[in-house]
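Colleague: Contents are compact mmCIF, C-alpha atoms; file name start_25.txt:
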# COMPACT_ATOMS: atom_id res chain seq x y z
CA GLY A 81 -14.28 47.15 43.57
CA PRO A 82 -15.55 48.71 40.36
CA ALA A 83 -19.27 48.95 39.76
CA ALA A 84 -20.47 45.64 38.40
CA THR A 85 -21.79 45.64 34.87
CA THR A 86 -23.05 42.80 32.74
CA ALA A 87 -19.96 43.09 30.53
CA LEU A 88 -17.56 43.06 33.49
CA ILE A 89 -19.23 40.05 35.10
CA ALA A 90 -19.14 38.24 31.76
CA PHE A 91 -15.40 38.95 31.47
CA VAL A 92 -14.71 37.76 35.02
CA HIS A 93 -16.68 34.57 34.43
CA ALA A 94 -14.88 33.95 31.14
CA THR A 95 -11.58 34.32 32.99
CA LEU A 96 -12.59 31.88 35.71
CA ASP A 97 -14.00 29.39 33.20
CA ARG A 98 -10.81 29.51 31.14
CA ALA A 99 -8.69 28.92 34.24
CA ARG A 100 -10.88 26.04 35.40
CA ASP A 101 -10.76 24.49 31.92
CA ALA A 102 -6.96 24.58 32.20
CA GLY A 103 -7.19 22.45 35.34
CA ILE A 104 -6.67 25.29 37.82
CA ALA A 105 -8.79 24.42 40.86
CA GLY A 106 -7.60 27.43 42.86
CA VAL A 107 -10.16 29.84 41.39
CA PRO A 108 -13.93 29.73 41.91
CA ALA A 109 -16.30 28.50 39.22
CA PRO A 110 -19.20 30.72 38.11
CA ARG A 111 -22.65 29.42 39.05
CA HIS A 112 -25.68 29.75 36.79
CA ARG A 113 -29.04 30.86 38.09
CA SER A 114 -31.48 28.07 38.83
CA ASP A 115 -34.41 30.03 37.40
CA ARG A 116 -32.48 31.19 34.32
CA PRO A 117 -29.72 28.69 33.55
CA GLU A 118 -28.37 30.84 30.74
CA GLU A 119 -27.56 33.70 33.16
CA THR A 120 -24.90 33.98 35.87
CA ALA A 121 -25.91 37.33 37.40
CA ALA A 122 -29.00 38.78 39.02
CA LEU A 123 -30.18 42.37 39.47
CA ILE A 124 -31.14 42.92 43.12
CA ALA A 125 -32.13 46.34 44.48
CA GLY A 126 -30.54 48.03 41.50
CA ARG A 127 -27.20 46.20 41.82
CA LEU A 128 -25.81 43.25 39.90
CA PHE A 129 -24.71 40.16 41.82
CA ASP A 130 -23.22 36.89 40.66
CA ALA A 131 -22.68 33.50 42.27
CA GLN A 132 -19.46 31.51 42.41
CA SER A 133 -18.46 28.20 43.95
CA TRP A 134 -16.87 27.94 47.38
CA LEU A 135 -13.20 27.03 47.60
CA PRO A 136 -11.52 25.10 50.42
CA GLY A 137 -9.47 27.02 52.94
CA ARG A 138 -9.90 30.29 54.75
CA PRO A 139 -8.51 33.79 54.17
CA LEU A 140 -4.91 34.29 55.25
CA GLY A 141 -5.86 37.59 56.82
CA ARG A 142 -7.37 37.89 60.28
CA ASN A 143 -8.68 41.39 60.95
CA THR A 144 -7.42 42.51 57.54
CA ALA A 145 -10.75 43.26 55.83
CA PHE A 146 -13.22 45.93 56.92
CA ARG A 147 -15.72 48.37 55.45
CA SER A 148 -15.27 52.11 55.35
CA PRO A 149 -18.12 54.39 56.48
CA ASP A 150 -18.99 54.69 52.78
CA GLY A 151 -19.17 50.92 52.36
CA VAL A 152 -15.87 50.57 50.49
CA SER A 153 -13.74 47.51 51.26
CA ILE A 154 -10.68 48.21 53.42
CA ASN A 155 -7.96 45.62 52.87
CA LEU A 156 -4.89 45.49 55.10
CA PRO A 157 -1.62 43.54 55.19
CA LEU A 158 -0.71 40.85 57.67
CA HIS A 159 1.32 41.70 60.74
CA PRO A 160 4.99 42.11 59.75
CA THR A 161 6.06 39.16 61.92
CA THR A 162 3.68 36.70 60.24
CA PRO A 163 5.56 34.00 58.28
CA VAL A 164 4.31 34.31 54.71
CA ASP A 165 7.10 33.22 52.38
CA ALA A 166 5.73 29.75 51.61
CA ALA A 167 2.24 31.14 50.98
CA LEU A 168 3.63 33.90 48.77
CA ALA A 169 5.50 31.42 46.60
CA ASP A 170 2.33 29.33 46.22
CA ALA A 171 0.26 32.39 45.34
CA ALA A 172 2.83 33.58 42.78
CA ARG A 173 2.82 30.21 41.05
CA LEU A 174 -0.98 30.07 41.09
CA ILE A 175 -1.37 33.55 39.63
CA GLY A 176 1.25 32.63 37.02
CA ARG A 177 -0.86 29.67 35.93
CA VAL A 178 -3.95 31.88 35.67
CA HIS A 179 -2.03 34.48 33.65
CA THR A 180 -0.80 31.79 31.28
CA ALA A 181 -4.23 30.20 30.83
CA THR A 182 -6.03 33.49 30.12
CA ARG A 183 -3.60 35.28 27.78
CA GLU A 184 -5.99 34.95 24.87
CA LEU A 185 -8.74 36.76 26.80
CA ALA A 186 -6.40 39.68 27.45
CA THR A 187 -6.22 40.37 23.72
CA ALA A 188 -10.00 40.53 23.24
CA ALA A 189 -11.24 43.88 21.99
CA ASP A 190 -13.91 44.12 24.69
CA ALA A 191 -11.63 43.18 27.61
CA PRO A 192 -11.41 45.77 30.42
CA GLN A 193 -8.06 47.52 30.12
CA ALA A 194 -5.68 48.28 32.99
CA PRO A 195 -2.21 48.99 31.54
CA LEU A 196 0.52 50.47 33.71
CA ALA A 197 0.06 53.75 31.84
CA SER A 198 -3.42 54.04 33.36
CA MET A 199 -2.06 53.17 36.78
CA LEU A 200 0.59 55.88 36.55
CA LEU A 201 -2.03 58.47 35.63
CA SER A 202 -4.47 57.44 38.37
CA VAL A 203 -1.75 57.38 41.04
CA ARG A 204 -0.61 60.87 40.08
CA GLU A 205 -4.18 62.14 40.32
CA SER A 206 -4.84 60.46 43.67
CA TRP A 207 -1.49 61.71 44.99
CA LEU A 208 -2.38 65.31 44.17
CA ALA A 209 -5.87 64.98 45.64
CA GLU A 210 -4.76 63.29 48.87
CA ARG A 211 -1.84 65.69 49.26
CA ARG A 212 -4.25 68.62 49.30
CA ARG A 213 -6.51 66.79 51.72
CA LEU A 214 -3.84 65.51 54.10
CA GLY A 215 -1.52 68.50 53.93
CA LEU A 216 -3.36 70.19 56.79
CA LEU A 217 -2.56 67.22 59.04
CA ALA A 218 1.13 67.09 58.24
CA GLU A 219 2.23 69.38 61.05
CA ASN A 220 0.82 67.14 63.76
CA THR A 221 0.83 63.71 62.08
CA THR A 222 4.18 62.00 61.58
CA GLU A 223 2.74 59.39 59.21
CA VAL A 224 1.44 62.05 56.85
CA ARG A 225 4.81 63.79 56.74
CA ARG A 226 6.53 60.50 55.96
CA TRP A 227 4.05 59.79 53.16
CA LEU A 228 4.51 63.25 51.66
CA ARG A 229 8.28 62.86 51.61
CA CYS A 230 7.94 59.53 49.81
CA GLY A 231 5.56 60.91 47.21
CA ASN A 232 7.75 63.90 46.42
CA ARG A 233 10.62 61.54 45.63
CA ILE A 234 8.72 58.64 44.02
CA ILE A 235 6.42 60.37 41.52
CA PRO A 236 9.15 61.94 39.32
CA ILE A 237 11.46 58.93 39.19
CA ALA A 238 8.65 56.40 38.70
CA SER A 239 7.27 58.45 35.82
CA ASP A 240 10.68 58.60 34.16
CA ARG A 241 11.40 54.90 34.65
CA LEU A 242 8.06 53.73 33.25
CA ARG A 243 8.06 56.13 30.31
CA ALA A 244 11.52 54.87 29.42
CA ALA A 245 9.94 51.42 28.91
CA PRO A 246 6.97 52.16 26.61
CA ASP A 247 6.39 48.52 25.68
CA VAL A 248 5.95 47.54 29.33
CA LEU A 249 3.99 50.71 30.09
CA ARG A 250 1.28 50.02 27.52
CA ALA A 251 1.29 46.21 27.50
CA THR A 252 -1.89 44.30 28.37
CA THR A 253 -0.60 40.77 28.00
CA VAL A 254 -2.40 38.92 30.81
CA VAL A 255 -5.64 39.02 32.77
CA THR A 256 -4.69 40.40 36.17
CA HIS A 257 -6.54 39.88 39.43
CA GLY A 258 -5.84 43.51 40.31
CA ASP A 259 -6.64 43.35 44.04
CA LEU A 260 -4.47 40.77 45.79
CA TRP A 261 -4.60 41.05 49.59
CA PRO A 262 -4.45 38.49 52.42
CA ALA A 263 -8.26 38.48 52.59
CA HIS A 264 -8.37 37.24 48.97
CA LEU A 265 -5.84 34.42 49.44
CA LEU A 266 -7.20 31.20 50.87
CA GLY A 267 -4.91 28.90 52.82
CA ASP A 268 -4.98 25.60 54.63
CA ASP A 269 -5.13 25.38 58.41
CA GLY A 270 -1.40 25.92 58.71
CA GLU A 271 -1.54 28.77 56.17
CA ALA A 272 1.59 27.39 54.52
CA VAL A 273 -0.25 26.40 51.34
CA VAL A 274 -2.45 28.71 49.27
CA THR A 275 -5.50 26.79 48.13
CA GLY A 276 -7.24 29.50 46.16
CA ILE A 277 -7.59 33.13 45.09
CA VAL A 278 -11.00 34.79 45.31
CA ASP A 279 -12.66 38.16 44.61
CA TRP A 280 -11.87 38.68 40.93
CA ALA A 281 -14.08 41.76 40.54
CA ARG A 282 -11.13 43.89 39.38
CA ALA A 283 -9.96 41.46 36.71
CA ALA A 284 -8.69 43.26 33.62
CA ALA A 285 -6.17 43.00 30.82
CA GLY A 286 -2.92 44.43 32.12
CA SER A 287 0.65 43.78 33.17
CA PRO A 288 1.66 40.83 35.36
CA LEU A 289 3.73 43.31 37.37
CA LEU A 290 0.60 44.64 39.06
CA ASP A 291 -0.30 41.29 40.62
CA LEU A 292 3.33 40.60 41.51
CA ALA A 293 3.67 44.01 43.16
CA HIS A 294 0.56 43.30 45.23
CA LEU A 295 1.95 39.97 46.40
CA ALA A 296 5.32 41.51 47.27
CA THR A 297 3.84 44.37 49.32
CA HIS A 298 0.21 43.75 50.35
CA VAL A 299 0.75 40.47 52.17
CA GLY A 300 3.82 40.66 54.37
CA GLY A 301 5.58 43.88 53.43
CA TRP A 302 8.31 44.64 50.91
CA SER A 303 11.85 43.37 51.12
CA ALA A 304 14.38 42.60 48.40
CA ALA A 305 14.42 38.93 49.40
CA ARG A 306 10.64 38.69 49.32
CA ALA A 307 10.47 40.36 45.93
CA GLU A 308 12.99 37.86 44.55
CA LEU A 309 10.94 35.04 46.06
CA VAL A 310 7.79 36.22 44.28
CA LEU A 311 9.61 36.81 40.98
CA GLY A 312 11.32 33.43 41.14
CA ALA A 313 8.15 31.47 41.91
CA TYR A 314 6.20 33.27 39.19
CA SER A 315 8.98 32.80 36.63
CA ASP A 316 8.84 29.04 37.22
CA ILE A 317 5.45 29.20 35.47
CA ALA A 318 5.58 32.32 33.29
CA PRO A 319 9.03 33.78 32.49
CA LEU A 320 9.47 37.54 32.71
CA LEU A 321 11.63 39.86 30.65
CA PRO A 322 14.61 41.44 32.45
CA GLU A 323 13.02 44.86 31.95
CA GLN A 324 9.85 43.68 33.67
CA ARG A 325 11.81 42.39 36.65
CA ARG A 326 13.65 45.69 37.01
CA LEU A 327 10.39 47.64 37.03
CA LEU A 328 8.72 45.66 39.82
CA PRO A 329 9.91 48.07 42.58
CA VAL A 330 8.59 51.01 40.56
CA VAL A 331 5.12 49.51 40.19
CA ALA A 332 5.10 48.46 43.85
CA ALA A 333 6.04 51.95 45.02
CA LEU A 334 3.34 53.63 42.94
CA ASP A 335 0.72 51.20 44.18
CA LEU A 336 1.71 51.75 47.81
CA LEU A 337 1.74 55.52 47.40
CA ALA A 338 -1.94 55.45 46.42
CA GLU A 339 -2.96 52.82 48.97
CA VAL A 340 -1.23 54.52 51.90
CA GLY A 341 -2.66 57.91 50.97
CA TRP A 342 -6.20 56.54 50.95
CA LEU A 343 -5.69 54.68 54.23
CA LEU A 344 -4.17 57.76 55.89
CA GLY A 345 -7.31 59.65 54.99
CA LEU A 346 -9.44 56.96 56.62
CA GLY A 347 -7.32 56.38 59.69
CA PHE A 348 -6.26 59.92 60.52
CA ALA A 349 -8.63 62.34 58.77
CA ASP A 350 -12.04 60.64 58.86
CA ASP A 351 -13.76 61.34 62.18
CA ARG A 352 -16.44 58.76 61.39
CA LEU A 353 -14.04 55.95 62.35
CA ILE A 354 -13.45 57.33 65.84
CA GLY A 355 -14.70 54.72 68.29
CA ASP A 356 -14.84 52.04 65.60
CA PRO A 357 -12.89 48.88 66.54
CA ALA A 358 -11.49 48.85 63.01
CA LEU A 359 -9.59 52.11 63.56
CA SER A 360 -6.63 50.54 65.38
CA PHE A 361 -6.30 47.88 62.68
CA VAL A 362 -6.50 50.48 59.91
CA ARG A 363 -3.79 52.60 61.52
CA GLY A 364 -1.58 49.60 62.20
CA GLY A 365 -1.92 48.30 58.65
CA THR A 366 -1.27 51.78 57.27
CA LYS A 367 1.98 52.02 59.20
CA THR A 368 3.09 48.62 57.91
CA LEU A 369 2.48 49.65 54.31
CA LEU A 370 4.13 53.02 54.93
CA THR A 371 7.29 51.29 56.12
CA SER A 372 7.36 49.29 52.88
CA LEU A 373 6.84 52.49 50.90
CA GLU A 374 9.78 54.15 52.64
CA THR A 375 11.98 51.13 51.92
CA LEU A 376 11.08 51.25 48.23
CA THR A 377 11.58 55.01 48.13
CA ASP A 378 15.12 54.67 49.43
CA VAL A 379 15.79 51.98 46.82
CA LEU A 380 14.47 53.98 43.87
CA ALA A 381 15.39 57.49 44.98
CA PRO A 382 18.23 57.27 47.51
CA PRO A 383 18.46 60.36 49.71
CA GLU A 384 21.23 62.70 48.70
CA PRO A 385 24.23 62.64 51.03
CA ARG A 386 24.65 65.68 53.19
CA THR A 387 27.29 68.03 51.88
CA GLY A 388 29.41 70.59 53.67
CA SER A 389 32.07 70.10 56.30
CA ARG A 390 31.48 70.39 59.97
CA ARG A 391 33.48 72.92 61.93
CA TRP A 392 35.91 71.16 64.22
CA VAL A 393 35.52 72.14 67.84
CA PRO A 394 38.26 70.99 70.22
CA GLY A 395 37.09 69.00 73.17
CA PRO A 396 37.97 69.65 76.80
CA ARG A 397 41.55 68.97 77.83
CA LYS A 398 42.11 65.92 79.95
CA PRO A 399 42.75 66.78 83.59
CA ARG A 400 46.25 66.15 84.93
CA ARG A 401 46.60 63.12 87.11
CA SER A 402 47.23 64.01 90.72
CA GLY A 403 49.68 62.36 93.06
CA GLY A 404 52.75 62.31 90.82
CA PRO A 405 55.59 64.75 90.36
CA LYS A 406 54.92 67.65 88.09
CA ARG A 407 56.79 67.29 84.83
CA SER A 408 58.82 70.23 83.71
CA GLY A 409 60.46 71.19 80.50
CA THR A 410 59.23 71.10 76.98
CA ARG A 411 57.47 68.01 75.70
CA GLY A 412 59.80 66.08 73.46
CA ALA A 413 62.98 67.79 74.78
CA THR A 414 66.11 65.65 75.34
CA PRO A 415 66.57 64.89 79.05
CA PRO A 416 69.92 65.88 80.67
CA PRO A 417 72.60 63.15 80.84
CA ARG A 418 72.79 61.08 84.01
CA GLU A 419 75.97 61.26 86.11
CA ARG A 420 77.99 58.08 86.45
CA SER A 421 79.30 57.07 89.83
CA GLY A 422 83.02 56.29 90.09
For the structure just supplied, provide its representation as structure tokens.
Modeller:
Amino acid sequence: GPAATTALIAFVHATLDRARDAGIAGVPAPRHRSDRPEETAALIAGRLFDAQSWLPGRPLGRNTAFRSPDGVSINLPLHPTTPVDAALADAARLIGRVHTATRELATAADAPQAPLASMLLSVRESWLAERRRLGLLAENTTEVRRWLRCGNRIIPIASDRLRAAPDVLRATTVVTHGDLWPAHLLGDDGEAVVTGIVDWARAAAGSPLLDLAHLATHVGGWSAARAELVLGAYSDIAPLLPEQRRLLPVVAALDLLAEVGWLLGLGFADDRLIGDPALSFVRGGTKTLLTSLETLTDVLAPPEPRTGSRRWVPGPRKPRRSGGPKRSGTRGATPPPRERSG
């Protein structure tokens, strides 16, 4: 996540407090220091840390959270066959309640800002950087070639679609979680009910579409039915504008383009992960997200149909059946009349 600062921690804690005050038990509560009750963070070895309450449940993800060689969190989706629809609907309703309860904080002048305009810019920059880095692997790595094809089609159309909706592009109407993955969703033993959402370090004022895109793609993979499930459950709590609903695939595709590019660099270009047990999980999760990215790419930028006619080549003639009399005469000619017997 982003480097912790006193201001960021204060904003996260204000968000959690506001949600808890609204009766939302599915987010942790900030804990104050015992030695300094007025403070909720401590500086340890040059880094800021805070304390939050434990929530019931356990992460939905098993083997979906690792650390890169540089210490950065690696979050991965669940296996594509994992049943997640009930949990997704719960999570969408829960995040809708948090968005509703914290709208006032999103308008604060000192709130961290994460509008879709910033996302579009950062994705374009990461796309260009990763394309230069991964381009050398394209010849021998199928996954890289697939990712490059998606990016070449997605970037132009996503830019046009978002810029055609300036109000949505610049809006910062809710406090977003900004990093929804299976490892951050807590569930009951059967994993059918989401009991909480943790790790709010990326909280910022932004568009609800970011959190909804994460739910629709980061957990079980994108599909039209799953996207409608997430939108429907969220809209039960916080209605969306038609324009926002139409832009969900665009936001999801941009997010996946950046995530897959970064994971490809880790799983296929970083030799430091060779021999690490996490490597197989990273590659598997990358392929799952890449499949979702390709699905979204075909939705937003359908491949052009192939033009040009094929030259007709006659096939081999059927062999004549043996054993019967050889027919003579011209095909279609009138046979001679039969003689009548007297």
Colleague: Taking 6 positions as the minimum chain separation for residues in the same chain, which residues sit within 9 Å of Gln193 in chain A when counting all atoms listed in the file? Answer as a list in words.
Modeller: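 Final neighbour list, sorted by chain and number: Ala186, Thr252, Ala284, Ala285 and Gly286 of chain A.
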Colleague: Can you write out as a tab-separated table which residues of range 288-339 of chain A fall within 12 Å of range 253-259 of chain A, alongside each residue's closest atom pair and its distance in Å to one decimal, counting all atoms listed in the file and ordering rows by chain and ascending residue number?
Modeller:
residue	atom	partner	partner_atom	distance
A:Pro288	CA	A:Val254	CA	6.4
A:Leu289	CA	A:Thr256	CA	9.0
A:Leu290	CA	A:Gly258	CA	6.7
A:Asp291	CA	A:Gly258	CA	6.0
A:Leu292	CA	A:Thr256	CA	9.6
A:Ala293	CA	A:Gly258	CA	9.9
A:His294	CA	A:Asp259	CA	7.3
A:Leu295	CA	A:Asp259	CA	9.5
A:Thr297	CA	A:Asp259	CA	11.8
A:His298	CA	A:Asp259	CA	9.3
A:Val299	CA	A:Asp259	CA	11.4
A:Ala318	CA	A:Val254	CA	10.6
A:Leu320	CA	A:Thr253	CA	11.6
A:Asp335	CA	A:Asp259	CA	10.8
A:Glu339	CA	A:Asp259	CA	11.3
Colleague: Kindly indicate which residue among A:Pro357, A:Gly267, A:Pro262, A:Pro192 lies nearest to Asp279 in chain A, using all atoms listed in the file for the distances.
Modeller: A:Pro262
Colleague: Calculated over all atoms listed in the file, which of the candidates A:Glu374, A:Glu384, A:Asp150, A:Asp268 has the smallest distance to Arg226 in chain A?
Modeller: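 Going through A:Glu374, A:Glu384, A:Asp150, A:Asp268 one by one, the smallest distance to Arg226 in chain A is for A:Glu374.
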Colleague: Point out the residue among A:Gly301, A:Ala191, A:Ala296, A:Trp342 with the least atom-to-atom distance to Glu210 in chain A, counting only C-alpha atoms.
Modeller: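 Once distances to Glu210 in chain A are computed over only C-alpha atoms, the minimum belongs to A:Trp342.
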